[in-house]
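Here is the structure we will look at, set down as structure tokens.
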Amino acid sequence: MRYNSHEVNKMNTFEEIYEEVCLIPKGKVASYGYIACRLGNPRLSRVVGYALHSNPRPYEIPCHRVVMKDGSLTPAFAFGGINMQRKLLE
């Protein structure tokens with residue numbers, strides 16, 4: 001199967017995001033912007049959100065530990081809404 005360079009870059013970026021999110025310790029949270037900065041590009045915040053919304057391994061990648069920059073929970077949390085994110089964080 002052939003991939004164009006955009007698809008390959010997207011997959012590499014997503015995998016980097018997933019690896020970074022997996023480093024967030026239990027009981028801690030990080031913002032979308034923090035994850036983007038850790039990847040070297042603070043302008044990737046929305047890409048972080050998109051990647052987490054597309055999380056292929058929700059039981060392995062703790063996307064519920066990523067919150068908005070003010071610490072609030074994400075209203076559009078992909079795996080059950082804001083109440084599920086709150087429950088997972090507790």
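By order in the structure tokens, chains are A, B, ...; within a chain, residues start at 1; ligands start at 1, following the order shown.
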
Tell me, which residues of chain A carry DSSP strand (DSSP E), written as JSON, numbers by chain?
{"A": [30, 31, 66, 67]}

Would you mind exporting the chosen residues as a PDB file, in the first residue's frame, restricted to N, CA and C atoms?
```pdb
ATOM      1  N   ALA A  30      -2.442  17.131  31.759  1.00  0.00           N
ATOM      2  CA  ALA A  30      -1.671  18.052  30.926  1.00  0.00           C
ATOM      3  C   ALA A  30      -2.639  18.703  29.949  1.00  0.00           C
ATOM      4  N   SER A  31      -2.312  19.889  29.494  1.00  0.00           N
ATOM      5  CA  SER A  31      -3.170  20.571  28.528  1.00  0.00           C
ATOM      6  C   SER A  31      -2.784  20.177  27.106  1.00  0.00           C
ATOM      7  N   VAL A  66      -5.844  14.630  29.370  1.00  0.00           N
ATOM      8  CA  VAL A  66      -5.554  15.873  28.662  1.00  0.00           C
ATOM      9  C   VAL A  66      -6.770  16.790  28.809  1.00  0.00           C
ATOM     10  N   VAL A  67      -6.514  17.995  29.314  1.00  0.00           N
ATOM     11  CA  VAL A  67      -7.577  18.952  29.614  1.00  0.00           C
ATOM     12  C   VAL A  67      -7.313  20.271  28.889  1.00  0.00           C
TER      13      VAL A  67
END
```

Mind giving me the straight-line distance from atom CA of Cys37 of chain A to atom CA of Ile17 of chain A in Å, one decimal?
10.7 Å

Using DSSP on the backbone, list every residue of segment 25-67 of chain A that comes out as helix (DSSP H, G or I), and give them as a PyMOL selection string.
chain A and resi 32-38+42-53+63-65

Using only C-alpha atoms, please write the residues we just selected to a file, as a PDB file, in the first residue's frame.
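Writing the result to result_14.pdb gives the following:
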```pdb
ATOM      1  CA  TYR A  32      -3.427  20.202  24.773  1.00  0.00           C
ATOM      2  CA  GLY A  33      -0.983  23.096  24.464  1.00  0.00           C
ATOM      3  CA  TYR A  34       1.508  21.482  26.829  1.00  0.00           C
ATOM      4  CA  ILE A  35       1.503  18.307  24.745  1.00  0.00           C
ATOM      5  CA  ALA A  36       1.989  20.400  21.598  1.00  0.00           C
ATOM      6  CA  CYS A  37       4.922  22.255  23.204  1.00  0.00           C
ATOM      7  CA  ARG A  38       6.498  18.980  24.268  1.00  0.00           C
ATOM      8  CA  PRO A  42       2.924  24.974  20.353  1.00  0.00           C
ATOM      9  CA  ARG A  43       0.626  25.561  17.376  1.00  0.00           C
ATOM     10  CA  LEU A  44      -0.354  21.861  17.274  1.00  0.00           C
ATOM     11  CA  SER A  45      -2.929  22.085  20.102  1.00  0.00           C
ATOM     12  CA  ARG A  46      -5.856  21.370  17.798  1.00  0.00           C
ATOM     13  CA  VAL A  47      -3.986  18.523  16.162  1.00  0.00           C
ATOM     14  CA  VAL A  48      -3.484  17.036  19.640  1.00  0.00           C
ATOM     15  CA  GLY A  49      -7.238  17.268  20.182  1.00  0.00           C
ATOM     16  CA  TYR A  50      -7.973  15.653  16.841  1.00  0.00           C
ATOM     17  CA  ALA A  51      -5.486  12.857  17.490  1.00  0.00           C
ATOM     18  CA  LEU A  52      -7.006  12.118  20.880  1.00  0.00           C
ATOM     19  CA  HIS A  53     -10.495  12.169  19.420  1.00  0.00           C
ATOM     20  CA  CYS A  63      -6.506  10.695  26.597  1.00  0.00           C
ATOM     21  CA  HIS A  64      -8.783  11.558  29.527  1.00  0.00           C
ATOM     22  CA  ARG A  65      -5.702  13.068  31.224  1.00  0.00           C
TER      23      ARG A  65
END
```

What does the distance from atom CA of Glu90 of chain A to atom CA of Lys69 of chain A come to in Å, to one decimal?
18.9 Å

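Distances to Leu23 of chain A were evaluated for A:Asn41, A:Asn83, A:Pro56, A:Ile61 using only C-alpha atoms, and the minimum falls at A:Ile61.
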
Check the smallest atom-to-atom distance from each of A:Gly71, A:Gly27, A:Gly40, A:Pro62 to Thr13 of chain A using only C-alpha atoms, then report the winner.
A:Gly40
